[in-house]
file run-v6.pdb (PDB, C-alpha atoms, pLDDT in the B column)
ATOM      1  CA  MET L   1     -38.337  76.926 -12.189  1.00 56.00           C
ATOM      2  CA  ALA L   2     -39.603  73.531 -13.129  1.00 67.00           C
ATOM      3  CA  GLY L   3     -40.549  74.093 -16.742  1.00 70.00           C
ATOM      4  CA  MET L   4     -43.764  73.411 -18.574  1.00 80.00           C
ATOM      5  CA  THR L   5     -45.623  70.486 -20.127  1.00 85.00           C
ATOM      6  CA  ILE L   6     -44.256  68.309 -22.908  1.00 86.00           C
ATOM      7  CA  ILE L   7     -46.355  70.122 -25.546  1.00 88.00           C
ATOM      8  CA  VAL L   8     -44.784  73.470 -24.723  1.00 86.00           C
ATOM      9  CA  ARG L   9     -41.320  71.913 -24.484  1.00 86.00           C
ATOM     10  CA  THR L  10     -41.566  70.269 -27.896  1.00 89.00           C
ATOM     11  CA  ILE L  11     -42.849  73.405 -29.596  1.00 89.00           C
ATOM     12  CA  ALA L  12     -40.174  75.535 -27.924  1.00 87.00           C
ATOM     13  CA  ARG L  13     -37.442  73.084 -28.919  1.00 87.00           C
ATOM     14  CA  LEU L  14     -38.610  73.028 -32.535  1.00 91.00           C
ATOM     15  CA  LEU L  15     -39.144  76.773 -32.707  1.00 91.00           C
ATOM     16  CA  PHE L  16     -35.882  77.844 -31.057  1.00 89.00           C
ATOM     17  CA  PRO L  17     -33.472  77.459 -34.035  1.00 91.00           C
ATOM     18  CA  PHE L  18     -35.829  79.242 -36.407  1.00 93.00           C
ATOM     19  CA  MET L  19     -36.325  82.125 -34.006  1.00 92.00           C
ATOM     20  CA  PHE L  20     -32.589  82.408 -33.439  1.00 90.00           C
ATOM     21  CA  LEU L  21     -31.956  82.278 -37.189  1.00 92.00           C
ATOM     22  CA  PHE L  22     -34.583  84.934 -37.854  1.00 91.00           C
ATOM     23  CA  GLY L  23     -33.009  87.195 -35.250  1.00 90.00           C
ATOM     24  CA  ALA L  24     -29.568  86.666 -36.778  1.00 90.00           C
ATOM     25  CA  TYR L  25     -31.030  87.438 -40.218  1.00 90.00           C
ATOM     26  CA  VAL L  26     -32.618  90.668 -38.983  1.00 90.00           C
ATOM     27  CA  VAL L  27     -29.287  91.722 -37.447  1.00 89.00           C
ATOM     28  CA  ALA L  28     -27.156  90.756 -40.434  1.00 87.00           C
ATOM     29  CA  HIS L  29     -29.446  92.388 -43.015  1.00 86.00           C
ATOM     30  CA  GLY L  30     -29.960  95.572 -41.009  1.00 82.00           C
ATOM     31  CA  HIS L  31     -28.378  97.706 -43.728  1.00 82.00           C
ATOM     32  CA  LEU L  32     -30.477  96.133 -46.517  1.00 84.00           C
ATOM     33  CA  THR L  33     -33.964  95.507 -45.154  1.00 84.00           C
ATOM     34  CA  PRO L  34     -36.083  96.926 -42.320  1.00 84.00           C
ATOM     35  CA  GLY L  35     -34.790  95.787 -38.957  1.00 82.00           C
ATOM     36  CA  GLY L  36     -31.321  96.059 -37.520  1.00 81.00           C
ATOM     37  CA  GLY L  37     -29.442  95.474 -34.334  1.00 83.00           C
ATOM     38  CA  PHE L  38     -32.053  96.541 -31.805  1.00 88.00           C
ATOM     39  CA  PRO L  39     -35.064  94.447 -32.954  1.00 90.00           C
ATOM     40  CA  GLY L  40     -32.853  91.554 -34.047  1.00 90.00           C
ATOM     41  CA  GLY L  41     -31.135  91.430 -30.679  1.00 89.00           C
ATOM     42  CA  VAL L  42     -34.487  91.380 -28.924  1.00 91.00           C
ATOM     43  CA  ILE L  43     -35.639  88.476 -31.138  1.00 92.00           C
ATOM     44  CA  ILE L  44     -32.467  86.518 -30.313  1.00 89.00           C
ATOM     45  CA  ALA L  45     -32.921  87.193 -26.597  1.00 89.00           C
ATOM     46  CA  ALA L  46     -36.591  86.178 -26.833  1.00 91.00           C
ATOM     47  CA  SER L  47     -35.613  82.816 -28.317  1.00 90.00           C
ATOM     48  CA  PHE L  48     -33.430  82.069 -25.271  1.00 88.00           C
ATOM     49  CA  VAL L  49     -36.121  83.354 -22.914  1.00 88.00           C
ATOM     50  CA  MET L  50     -38.638  81.035 -24.575  1.00 89.00           C
ATOM     51  CA  LEU L  51     -36.314  78.058 -24.112  1.00 86.00           C
ATOM     52  CA  ILE L  52     -35.721  78.900 -20.440  1.00 85.00           C
ATOM     53  CA  LEU L  53     -39.449  79.393 -19.790  1.00 86.00           C
ATOM     54  CA  ALA L  54     -40.285  76.059 -21.384  1.00 87.00           C
ATOM     55  CA  TYR L  55     -37.525  73.925 -19.860  1.00 84.00           C
ATOM     56  CA  GLY L  56     -36.581  75.743 -16.684  1.00 82.00           C
ATOM     57  CA  ILE L  57     -33.204  77.282 -16.021  1.00 78.00           C
ATOM     58  CA  GLU L  58     -31.535  74.185 -14.595  1.00 78.00           C
ATOM     59  CA  GLN L  59     -32.276  71.924 -17.534  1.00 79.00           C
ATOM     60  CA  THR L  60     -31.496  74.630 -20.081  1.00 76.00           C
ATOM     61  CA  GLN L  61     -28.105  75.183 -18.480  1.00 76.00           C
ATOM     62  CA  LYS L  62     -27.460  71.442 -18.333  1.00 76.00           C
ATOM     63  CA  ARG L  63     -28.306  70.821 -21.977  1.00 73.00           C
ATOM     64  CA  ALA L  64     -27.466  74.049 -23.788  1.00 66.00           C
ATOM     65  CA  GLY L  65     -24.803  75.479 -21.507  1.00 66.00           C
ATOM     66  CA  PHE L  66     -24.771  78.803 -19.762  1.00 68.00           C
ATOM     67  CA  VAL L  67     -24.738  81.842 -22.022  1.00 68.00           C
ATOM     68  CA  ASN L  68     -22.329  84.257 -20.413  1.00 77.00           C
ATOM     69  CA  ALA L  69     -24.419  87.348 -21.050  1.00 78.00           C
ATOM     70  CA  GLU L  70     -22.284  89.712 -18.985  1.00 81.00           C
ATOM     71  CA  VAL L  71     -19.193  89.156 -21.112  1.00 84.00           C
ATOM     72  CA  LEU L  72     -21.160  89.361 -24.379  1.00 84.00           C
ATOM     73  CA  GLU L  73     -22.807  92.614 -23.289  1.00 86.00           C
ATOM     74  CA  SER L  74     -19.429  94.168 -22.605  1.00 86.00           C
ATOM     75  CA  ILE L  75     -18.005  92.817 -25.870  1.00 88.00           C
ATOM     76  CA  GLY L  76     -20.861  94.414 -27.819  1.00 86.00           C
ATOM     77  CA  GLY L  77     -20.361  97.800 -26.208  1.00 85.00           C
ATOM     78  CA  LEU L  78     -16.601  97.567 -26.603  1.00 89.00           C
ATOM     79  CA  ALA L  79     -16.893  96.664 -30.299  1.00 88.00           C
ATOM     80  CA  ILE L  80     -18.877  99.850 -30.996  1.00 87.00           C
ATOM     81  CA  ALA L  81     -16.241 101.957 -29.226  1.00 86.00           C
ATOM     82  CA  ILE L  82     -13.420 100.177 -31.108  1.00 88.00           C
ATOM     83  CA  LEU L  83     -15.148 100.742 -34.456  1.00 85.00           C
ATOM     84  CA  GLY L  84     -15.609 104.403 -33.562  1.00 83.00           C
ATOM     85  CA  LEU L  85     -11.954 104.775 -32.576  1.00 85.00           C
ATOM     86  CA  LEU L  86     -10.921 102.962 -35.776  1.00 85.00           C
ATOM     87  CA  GLY L  87     -12.777 105.633 -37.722  1.00 81.00           C
ATOM     88  CA  LEU L  88     -11.040 108.283 -35.645  1.00 82.00           C
ATOM     89  CA  LEU L  89      -7.586 106.819 -36.348  1.00 83.00           C
ATOM     90  CA  MET L  90      -8.050 106.017 -40.047  1.00 81.00           C
ATOM     91  CA  GLY L  91     -10.560 108.605 -41.234  1.00 75.00           C
ATOM     92  CA  GLY L  92     -10.100 111.511 -38.864  1.00 74.00           C
ATOM     93  CA  LEU L  93     -13.626 111.483 -37.418  1.00 77.00           C
ATOM     94  CA  PHE L  94     -15.177 109.366 -34.684  1.00 79.00           C
ATOM     95  CA  LEU L  95     -17.397 106.641 -36.227  1.00 76.00           C
ATOM     96  CA  GLN L  96     -16.168 107.615 -39.693  1.00 76.00           C
ATOM     97  CA  ASN L  97     -17.035 105.037 -42.350  1.00 77.00           C
ATOM     98  CA  VAL L  98     -13.499 103.939 -43.251  1.00 77.00           C
ATOM     99  CA  PHE L  99     -14.206 100.586 -44.893  1.00 77.00           C
ATOM    100  CA  PRO L 100     -14.966 100.288 -48.627  1.00 75.00           C
ATOM    101  CA  LEU L 101     -18.629 100.878 -49.395  1.00 77.00           C
ATOM    102  CA  GLY L 102     -18.976  97.952 -51.781  1.00 74.00           C
ATOM    103  CA  GLU L 103     -21.868  97.366 -54.110  1.00 75.00           C
ATOM    104  CA  LEU L 104     -25.329  98.644 -53.205  1.00 76.00           C
ATOM    105  CA  GLY L 105     -27.669  95.938 -51.950  1.00 72.00           C
ATOM    106  CA  HIS L 106     -25.060  93.261 -51.282  1.00 75.00           C
ATOM    107  CA  LEU L 107     -24.570  91.711 -47.856  1.00 75.00           C
ATOM    108  CA  PHE L 108     -20.974  92.914 -47.586  1.00 77.00           C
ATOM    109  CA  SER L 109     -21.533  96.565 -48.384  1.00 77.00           C
ATOM    110  CA  ALA L 110     -21.964  99.918 -46.646  1.00 75.00           C
ATOM    111  CA  GLY L 111     -18.611  99.858 -44.846  1.00 77.00           C
ATOM    112  CA  ASN L 112     -18.896  99.682 -41.066  1.00 81.00           C
ATOM    113  CA  LEU L 113     -22.702  99.871 -40.798  1.00 84.00           C
ATOM    114  CA  PRO L 114     -23.219  96.063 -40.703  1.00 85.00           C
ATOM    115  CA  LEU L 115     -20.388  95.695 -38.179  1.00 86.00           C
ATOM    116  CA  LEU L 116     -21.951  98.355 -35.958  1.00 86.00           C
ATOM    117  CA  TYR L 117     -25.335  96.663 -36.225  1.00 87.00           C
ATOM    118  CA  LEU L 118     -23.737  93.316 -35.371  1.00 88.00           C
ATOM    119  CA  SER L 119     -22.198  94.825 -32.232  1.00 89.00           C
ATOM    120  CA  VAL L 120     -25.495  96.428 -31.255  1.00 89.00           C
ATOM    121  CA  GLY L 121     -27.299  93.133 -31.877  1.00 89.00           C
ATOM    122  CA  ILE L 122     -24.915  91.269 -29.569  1.00 89.00           C
ATOM    123  CA  GLU L 123     -25.214  93.969 -26.941  1.00 89.00           C
ATOM    124  CA  VAL L 124     -29.018  94.138 -27.022  1.00 90.00           C
ATOM    125  CA  ALA L 125     -29.453  90.338 -27.015  1.00 89.00           C
ATOM    126  CA  ALA L 126     -27.042  89.915 -24.113  1.00 88.00           C
ATOM    127  CA  GLY L 127     -28.571  92.858 -22.249  1.00 88.00           C
ATOM    128  CA  ILE L 128     -32.162  91.608 -22.430  1.00 89.00           C
ATOM    129  CA  LEU L 129     -30.988  88.111 -21.482  1.00 87.00           C
ATOM    130  CA  LEU L 130     -29.005  89.547 -18.571  1.00 86.00           C
ATOM    131  CA  ILE L 131     -32.083  91.392 -17.258  1.00 87.00           C
ATOM    132  CA  PHE L 132     -34.027  88.135 -17.534  1.00 86.00           C
ATOM    133  CA  TYR L 133     -31.306  86.220 -15.666  1.00 83.00           C
ATOM    134  CA  ALA L 134     -31.183  88.877 -12.943  1.00 82.00           C
ATOM    135  CA  MET L 135     -34.936  88.721 -12.339  1.00 81.00           C
ATOM    136  CA  LEU L 136     -34.893  84.912 -12.503  1.00 80.00           C
ATOM    137  CA  PHE L 137     -32.104  84.483  -9.973  1.00 77.00           C
ATOM    138  CA  ALA L 138     -33.556  87.176  -7.707  1.00 75.00           C
ATOM    139  CA  SER L 139     -36.957  85.465  -7.609  1.00 68.00           C
ATOM    140  CA  ARG L 140     -35.357  82.124  -6.748  1.00 66.00           C
ATOM    141  CA  GLY L 141     -34.549  83.452  -3.311  1.00 55.00           C
ATOM    142  CA  GLU L 142     -31.911  82.571  -0.751  1.00 45.00           C
ATOM    143  CA  ASN L 143     -31.855  78.794  -1.198  1.00 44.00           C
ATOM    144  CA  GLU L 144     -29.615  79.090  -4.223  1.00 44.00           C
TER
ATOM    145  CA  MET Y 145     -55.671 130.937   2.121  1.00 73.00           C
ATOM    146  CA  ALA Y 146     -56.466 127.793   0.188  1.00 83.00           C
ATOM    147  CA  ARG Y 147     -59.124 129.718  -1.716  1.00 89.00           C
ATOM    148  CA  VAL Y 148     -56.586 132.345  -2.769  1.00 90.00           C
ATOM    149  CA  GLN Y 149     -54.176 129.665  -3.931  1.00 90.00           C
ATOM    150  CA  GLN Y 150     -56.885 128.010  -5.990  1.00 91.00           C
ATOM    151  CA  VAL Y 151     -57.795 131.266  -7.684  1.00 93.00           C
ATOM    152  CA  LEU Y 152     -54.109 132.036  -8.343  1.00 93.00           C
ATOM    153  CA  ALA Y 153     -53.599 128.581  -9.810  1.00 93.00           C
ATOM    154  CA  LEU Y 154     -56.614 129.013 -12.091  1.00 94.00           C
ATOM    155  CA  VAL Y 155     -55.360 132.409 -13.283  1.00 95.00           C
ATOM    156  CA  MET Y 156     -51.914 130.942 -13.946  1.00 95.00           C
ATOM    157  CA  ILE Y 157     -53.336 128.002 -15.904  1.00 95.00           C
ATOM    158  CA  ILE Y 158     -55.453 130.308 -18.053  1.00 96.00           C
ATOM    159  CA  THR Y 159     -52.529 132.680 -18.684  1.00 95.00           C
ATOM    160  CA  VAL Y 160     -50.075 129.943 -19.612  1.00 95.00           C
ATOM    161  CA  GLY Y 161     -52.682 128.188 -21.756  1.00 93.00           C
ATOM    162  CA  THR Y 162     -53.484 131.375 -23.649  1.00 92.00           C
ATOM    163  CA  LEU Y 163     -49.788 132.039 -24.203  1.00 91.00           C
ATOM    164  CA  LEU Y 164     -49.151 128.498 -25.463  1.00 89.00           C
ATOM    165  CA  ILE Y 165     -52.161 128.472 -27.798  1.00 88.00           C
ATOM    166  CA  SER Y 166     -51.310 131.899 -29.224  1.00 87.00           C
ATOM    167  CA  ALA Y 167     -47.667 130.896 -29.655  1.00 83.00           C
ATOM    168  CA  VAL Y 168     -48.636 127.723 -31.513  1.00 80.00           C
ATOM    169  CA  SER Y 169     -51.191 129.426 -33.742  1.00 78.00           C
ATOM    170  CA  LEU Y 170     -49.058 132.502 -34.493  1.00 77.00           C
ATOM    171  CA  THR Y 171     -45.465 131.281 -34.834  1.00 72.00           C
ATOM    172  CA  MET Y 172     -45.591 127.613 -35.826  1.00 70.00           C
ATOM    173  CA  PRO Y 173     -45.605 126.694 -39.521  1.00 67.00           C
ATOM    174  CA  THR Y 174     -49.000 125.821 -40.943  1.00 67.00           C
ATOM    175  CA  PHE Y 175     -50.187 122.256 -40.704  1.00 66.00           C
ATOM    176  CA  GLY Y 176     -48.803 120.049 -43.476  1.00 64.00           C
ATOM    177  CA  SER Y 177     -45.876 122.259 -44.445  1.00 63.00           C
ATOM    178  CA  PHE Y 178     -42.469 120.726 -43.883  1.00 60.00           C
ATOM    179  CA  PRO Y 179     -39.933 122.983 -42.154  1.00 57.00           C
ATOM    180  CA  GLN Y 180     -37.287 124.109 -44.596  1.00 58.00           C
ATOM    181  CA  ARG Y 181     -33.658 124.170 -43.561  1.00 58.00           C
ATOM    182  CA  GLN Y 182     -30.547 125.312 -45.273  1.00 55.00           C
ATOM    183  CA  ILE Y 183     -28.031 122.592 -46.136  1.00 53.00           C
ATOM    184  CA  GLY Y 184     -24.847 124.111 -47.517  1.00 58.00           C
ATOM    185  CA  GLU Y 185     -25.865 126.367 -50.393  1.00 60.00           C
ATOM    186  CA  ASN Y 186     -29.121 124.572 -50.983  1.00 58.00           C
ATOM    187  CA  MET Y 187     -32.097 126.482 -49.624  1.00 57.00           C
ATOM    188  CA  GLU Y 188     -34.686 124.579 -51.608  1.00 60.00           C
ATOM    189  CA  ASN Y 189     -34.685 121.139 -50.069  1.00 59.00           C
ATOM    190  CA  ALA Y 190     -35.390 120.059 -46.528  1.00 64.00           C
ATOM    191  CA  ILE Y 191     -32.942 117.856 -44.653  1.00 70.00           C
ATOM    192  CA  GLY Y 192     -34.995 114.712 -45.244  1.00 72.00           C
ATOM    193  CA  GLN Y 193     -34.977 115.260 -48.996  1.00 72.00           C
ATOM    194  CA  GLN Y 194     -31.208 115.721 -48.980  1.00 74.00           C
ATOM    195  CA  ILE Y 195     -30.698 112.502 -47.042  1.00 78.00           C
ATOM    196  CA  LEU Y 196     -33.040 110.561 -49.315  1.00 78.00           C
ATOM    197  CA  GLU Y 197     -31.162 111.735 -52.396  1.00 78.00           C
ATOM    198  CA  ASN Y 198     -27.607 111.265 -51.104  1.00 80.00           C
ATOM    199  CA  ALA Y 199     -27.824 108.362 -48.654  1.00 78.00           C
ATOM    200  CA  LYS Y 200     -27.098 105.563 -51.114  1.00 80.00           C
ATOM    201  CA  ARG Y 201     -24.073 107.303 -52.585  1.00 80.00           C
ATOM    202  CA  GLN Y 202     -22.637 108.492 -49.276  1.00 79.00           C
ATOM    203  CA  THR Y 203     -23.140 105.455 -47.051  1.00 78.00           C
ATOM    204  CA  GLY Y 204     -23.679 102.589 -49.481  1.00 77.00           C
ATOM    205  CA  ALA Y 205     -26.554 101.139 -47.457  1.00 78.00           C
ATOM    206  CA  ALA Y 206     -29.721 100.092 -49.260  1.00 79.00           C
ATOM    207  CA  ASN Y 207     -31.771 100.822 -46.130  1.00 81.00           C
ATOM    208  CA  VAL Y 208     -31.959 104.586 -45.711  1.00 83.00           C
ATOM    209  CA  VAL Y 209     -33.049 104.227 -42.081  1.00 84.00           C
ATOM    210  CA  THR Y 210     -29.771 102.458 -41.341  1.00 84.00           C
ATOM    211  CA  SER Y 211     -27.767 105.144 -43.081  1.00 83.00           C
ATOM    212  CA  VAL Y 212     -29.484 107.733 -40.881  1.00 84.00           C
ATOM    213  CA  VAL Y 213     -29.187 105.676 -37.688  1.00 83.00           C
ATOM    214  CA  TRP Y 214     -25.504 104.776 -37.983  1.00 83.00           C
ATOM    215  CA  GLY Y 215     -24.288 106.989 -40.794  1.00 79.00           C
ATOM    216  CA  TYR Y 216     -25.635 110.501 -40.295  1.00 81.00           C
ATOM    217  CA  ARG Y 217     -26.543 110.191 -36.620  1.00 83.00           C
ATOM    218  CA  GLY Y 218     -23.967 107.763 -35.306  1.00 81.00           C
ATOM    219  CA  TYR Y 219     -23.440 109.668 -32.062  1.00 84.00           C
ATOM    220  CA  ASP Y 220     -27.150 109.508 -31.313  1.00 87.00           C
ATOM    221  CA  THR Y 221     -27.231 105.735 -31.699  1.00 86.00           C
ATOM    222  CA  LEU Y 222     -24.022 105.367 -29.710  1.00 87.00           C
ATOM    223  CA  GLY Y 223     -25.775 107.211 -26.891  1.00 87.00           C
ATOM    224  CA  GLU Y 224     -28.787 104.971 -27.352  1.00 88.00           C
ATOM    225  CA  ALA Y 225     -26.633 101.870 -26.933  1.00 87.00           C
ATOM    226  CA  THR Y 226     -25.044 103.478 -23.874  1.00 88.00           C
ATOM    227  CA  VAL Y 227     -28.485 104.116 -22.380  1.00 90.00           C
ATOM    228  CA  LEU Y 228     -29.362 100.453 -22.852  1.00 88.00           C
ATOM    229  CA  PHE Y 229     -26.032  99.366 -21.330  1.00 89.00           C
ATOM    230  CA  THR Y 230     -26.578 101.625 -18.323  1.00 90.00           C
ATOM    231  CA  ALA Y 231     -30.149 100.401 -17.889  1.00 90.00           C
ATOM    232  CA  VAL Y 232     -29.014  96.772 -17.923  1.00 89.00           C
ATOM    233  CA  VAL Y 233     -26.241  97.488 -15.422  1.00 88.00           C
ATOM    234  CA  GLY Y 234     -28.712  99.272 -13.147  1.00 89.00           C
ATOM    235  CA  VAL Y 235     -31.300  96.489 -13.259  1.00 88.00           C
ATOM    236  CA  VAL Y 236     -28.659  93.824 -12.563  1.00 85.00           C
ATOM    237  CA  MET Y 237     -27.266  95.853  -9.643  1.00 85.00           C
ATOM    238  CA  VAL Y 238     -30.707  96.287  -8.086  1.00 85.00           C
ATOM    239  CA  PHE Y 239     -31.660  92.642  -8.424  1.00 83.00           C
ATOM    240  CA  ARG Y 240     -28.346  91.395  -7.072  1.00 79.00           C
ATOM    241  CA  ALA Y 241     -28.757  93.694  -4.083  1.00 77.00           C
ATOM    242  CA  VAL Y 242     -32.188  92.138  -3.506  1.00 71.00           C
ATOM    243  CA  ARG Y 243     -30.684  88.688  -3.770  1.00 62.00           C
ATOM    244  CA  ARG Y 244     -28.279  89.228  -0.884  1.00 60.00           C
ATOM    245  CA  PRO Y 245     -30.320  90.806   1.896  1.00 57.00           C
ATOM    246  CA  GLU Y 246     -27.589  90.588   4.552  1.00 53.00           C
TER
END
call {"tool": "encode", "arguments": {"input": "run-v6.pdb", "output": "structure tokens"}}
result
Amino acid sequence: MAGMTIIVRTIARLLFPFMFLFGAYVVAHGHLTPGGGFPGGVIIAASFVMLILAYGIEQTQKRAGFVNAEVLESIGGLAIAILGLLGLLMGGLFLQNVFPLGELGHLFSAGNLPLLYLSVGIEVAAGILLIFYAMLFASRGENE
Amino acid sequence: MARVQQVLALVMIITVGTLLISAVSLTMPTFGSFPQRQIGENMENAIGQQILENAKRQTGAANVVTSVVWGYRGYDTLGEATVLFTAVVGVVMVFRAVRRPE
């Protein structure tokens, strides 16, 4: 993949941090506002996909580094299972809300719900990115 | 033979359609009425009303959708995340098999 023209590259470069930040906001405020881990993770993955489409995979890897999506995907899934087992050990029920509920409407409230949404956000973002990587590397053919 | 099969198929479609339409019009609740379910000792309120009233106190989340998704129906969402994980693993397996044709 060679990448696109300088107009697309500039816009993608300027837009990338805001898109990433918006995705992180949607994930982090999943228990306060509409949104959550699934849409936020897709927004985060879309920001990386936009960067790769604009610059091409080689230059993106050279300048931004390779996002190890396989490890992040597994970490996200594992974090959900660990939180569920934590509820089982401390509260007696799988996925039991064992952390203090806090004050309604604050960022650090609602016990384990924001942590679960964070794990789901990581898993969804890494998963969509991993599908994109798989299709990208498969379409590049045998010369790789 | 084909003629007989066509007639049989038509009869079966009409029978099943009549049964489905009569079942819907006779046994389903009327349009616009919310199905009532018993929660504990409370016969009055439906399950949605109970969740709306108790979600903030029980889960502490300002977003009631979140309290349903991860609070009341955590297993469901865990399965949802598992479905996504499995789908990603399947897609990656297929595309890596394509990548190495030998």
call {"tool": "residues_around", "arguments": {"input": "run-v6.pdb", "residues": "Arg217 in chain Y", "least_positions_apart": "6", "cutoff": "10 Å", "atoms": "only C-alpha atoms", "output": "PyMOL selection string"}}
result
(chain L and resi 95) or (chain Y and resi 210-211)
call {"tool": "interface_residues", "arguments": {"input": "run-v6.pdb", "of": "chain Y", "to": "chain L", "cutoff": "6 Å", "atoms": "only C-alpha atoms", "output": "ChimeraX atom specification"}}
result
/Y:203-207,210,232,236,239,243
call {"tool": "atom_distance", "arguments": {"input": "run-v6.pdb", "atom1": "CA of Lys200 in chain Y", "atom2": "CA of Val98 in chain L"}}
result
15.8 Å
call {"tool": "resolve_selection", "arguments": {"input": "run-v6.pdb", "expression": "the PyMOL selection byres ((chain L and resi 57) around 10)", "output": "list in words"}}
result
Met1, Ala2, Gly3, Val49, Leu51, Ile52, Leu53, Ala54, Tyr55, Gly56, Glu58, Gln59, Thr60, Gln61, Lys62, Phe66, Tyr133, Leu136 and Phe137 of chain L
call {"tool": "atom_distance", "arguments": {"input": "run-v6.pdb", "atom1": "CA of Leu115 in chain L", "atom2": "CA of Met237 in chain Y"}}
result
29.4 Å
call {"tool": "axis_aligned_box", "arguments": {"input": "run-v6.pdb", "around": "range 122-134 of chain L", "padding_each_side": "8 Å", "output": "JSON"}}
result
{"center_x": -29.5, "center_y": 90.2, "center_z": -21.3, "size_x": 25.1, "size_y": 23.9, "size_z": 32.6}
call {"tool": "resolve_selection", "arguments": {"input": "run-v6.pdb", "expression": "the PyMOL selection byres ((chain L and resi 19) around 12)", "output": "MDAnalysis selection string"}}
result
chainID L and resid 11:18 20:26 40:51
call {"tool": "atom_distance", "arguments": {"input": "run-v6.pdb", "atom1": "CA of Gly92 in chain L", "atom2": "CA of Gly218 in chain Y"}}
result
14.8 Å
call {"tool": "decode", "arguments": {"input": "run-v6.pdb", "residues": "range 43-100 of chain L", "atoms": "C-alpha atoms", "output": "PDB file, in the first residue's frame"}}
result
ATOM      1  CA  ILE L  43     -13.919   4.543  16.894  1.00  0.00           C
ATOM      2  CA  ILE L  44     -10.390   3.916  18.212  1.00  0.00           C
ATOM      3  CA  ALA L  45      -9.828   1.177  15.633  1.00  0.00           C
ATOM      4  CA  ALA L  46     -11.190   3.446  12.885  1.00  0.00           C
ATOM      5  CA  SER L  47      -8.649   6.130  13.779  1.00  0.00           C
ATOM      6  CA  PHE L  48      -5.790   3.657  13.221  1.00  0.00           C
ATOM      7  CA  VAL L  49      -7.413   2.360  10.037  1.00  0.00           C
ATOM      8  CA  MET L  50      -7.662   5.931   8.748  1.00  0.00           C
ATOM      9  CA  LEU L  51      -3.968   6.521   9.448  1.00  0.00           C
ATOM     10  CA  ILE L  52      -2.964   3.285   7.697  1.00  0.00           C
ATOM     11  CA  LEU L  53      -5.177   4.048   4.682  1.00  0.00           C
ATOM     12  CA  ALA L  54      -3.704   7.522   4.336  1.00  0.00           C
ATOM     13  CA  TYR L  55      -0.025   6.700   4.861  1.00  0.00           C
ATOM     14  CA  GLY L  56       0.265   3.053   3.912  1.00  0.00           C
ATOM     15  CA  ILE L  57       1.223   0.290   6.292  1.00  0.00           C
ATOM     16  CA  GLU L  58       4.984   0.570   5.864  1.00  0.00           C
ATOM     17  CA  GLN L  59       5.225   4.248   6.706  1.00  0.00           C
ATOM     18  CA  THR L  60       2.720   3.977   9.547  1.00  0.00           C
ATOM     19  CA  GLN L  61       4.760   1.187  11.102  1.00  0.00           C
ATOM     20  CA  LYS L  62       7.981   3.140  10.609  1.00  0.00           C
ATOM     21  CA  ARG L  63       6.680   6.322  12.210  1.00  0.00           C
ATOM     22  CA  ALA L  64       4.078   5.209  14.739  1.00  0.00           C
ATOM     23  CA  GLY L  65       5.297   1.711  15.527  1.00  0.00           C
ATOM     24  CA  PHE L  66       3.438  -1.535  15.189  1.00  0.00           C
ATOM     25  CA  VAL L  67       0.370  -1.904  17.379  1.00  0.00           C
ATOM     26  CA  ASN L  68       0.468  -5.454  18.646  1.00  0.00           C
ATOM     27  CA  ALA L  69      -3.242  -6.092  18.254  1.00  0.00           C
ATOM     28  CA  GLU L  70      -3.096  -9.808  19.014  1.00  0.00           C
ATOM     29  CA  VAL L  71      -1.716  -9.279  22.508  1.00  0.00           C
ATOM     30  CA  LEU L  72      -4.127  -6.409  23.242  1.00  0.00           C
ATOM     31  CA  GLU L  73      -7.098  -8.491  22.092  1.00  0.00           C
ATOM     32  CA  SER L  74      -6.144 -11.277  24.462  1.00  0.00           C
ATOM     33  CA  ILE L  75      -5.498  -8.815  27.298  1.00  0.00           C
ATOM     34  CA  GLY L  76      -8.980  -7.335  26.853  1.00  0.00           C
ATOM     35  CA  GLY L  77     -10.672 -10.717  26.956  1.00  0.00           C
ATOM     36  CA  LEU L  78      -8.546 -11.826  29.890  1.00  0.00           C
ATOM     37  CA  ALA L  79      -9.346  -8.658  31.861  1.00  0.00           C
ATOM     38  CA  ILE L  80     -13.090  -9.356  31.607  1.00  0.00           C
ATOM     39  CA  ALA L  81     -12.577 -12.917  32.864  1.00  0.00           C
ATOM     40  CA  ILE L  82     -10.342 -11.687  35.720  1.00  0.00           C
ATOM     41  CA  LEU L  83     -12.917  -9.082  36.762  1.00  0.00           C
ATOM     42  CA  GLY L  84     -15.605 -11.762  36.695  1.00  0.00           C
ATOM     43  CA  LEU L  85     -13.502 -14.133  38.797  1.00  0.00           C
ATOM     44  CA  LEU L  86     -12.705 -11.272  41.200  1.00  0.00           C
ATOM     45  CA  GLY L  87     -16.435 -10.862  41.729  1.00  0.00           C
ATOM     46  CA  LEU L  88     -16.720 -14.603  42.259  1.00  0.00           C
ATOM     47  CA  LEU L  89     -13.950 -14.618  44.884  1.00  0.00           C
ATOM     48  CA  MET L  90     -14.922 -11.441  46.756  1.00  0.00           C
ATOM     49  CA  GLY L  91     -18.684 -11.228  46.299  1.00  0.00           C
ATOM     50  CA  GLY L  92     -19.767 -14.808  45.771  1.00  0.00           C
ATOM     51  CA  LEU L  93     -21.193 -14.342  42.267  1.00  0.00           C
ATOM     52  CA  PHE L  94     -19.492 -14.250  38.882  1.00  0.00           C
ATOM     53  CA  LEU L  95     -19.229 -10.627  37.638  1.00  0.00           C
ATOM     54  CA  GLN L  96     -20.511  -9.389  41.000  1.00  0.00           C
ATOM     55  CA  ASN L  97     -20.002  -5.653  41.493  1.00  0.00           C
ATOM     56  CA  VAL L  98     -17.531  -5.796  44.391  1.00  0.00           C
ATOM     57  CA  PHE L  99     -15.990  -2.329  44.165  1.00  0.00           C
ATOM     58  CA  PRO L 100     -17.518   0.679  45.961  1.00  0.00           C
TER      59      PRO L 100
END
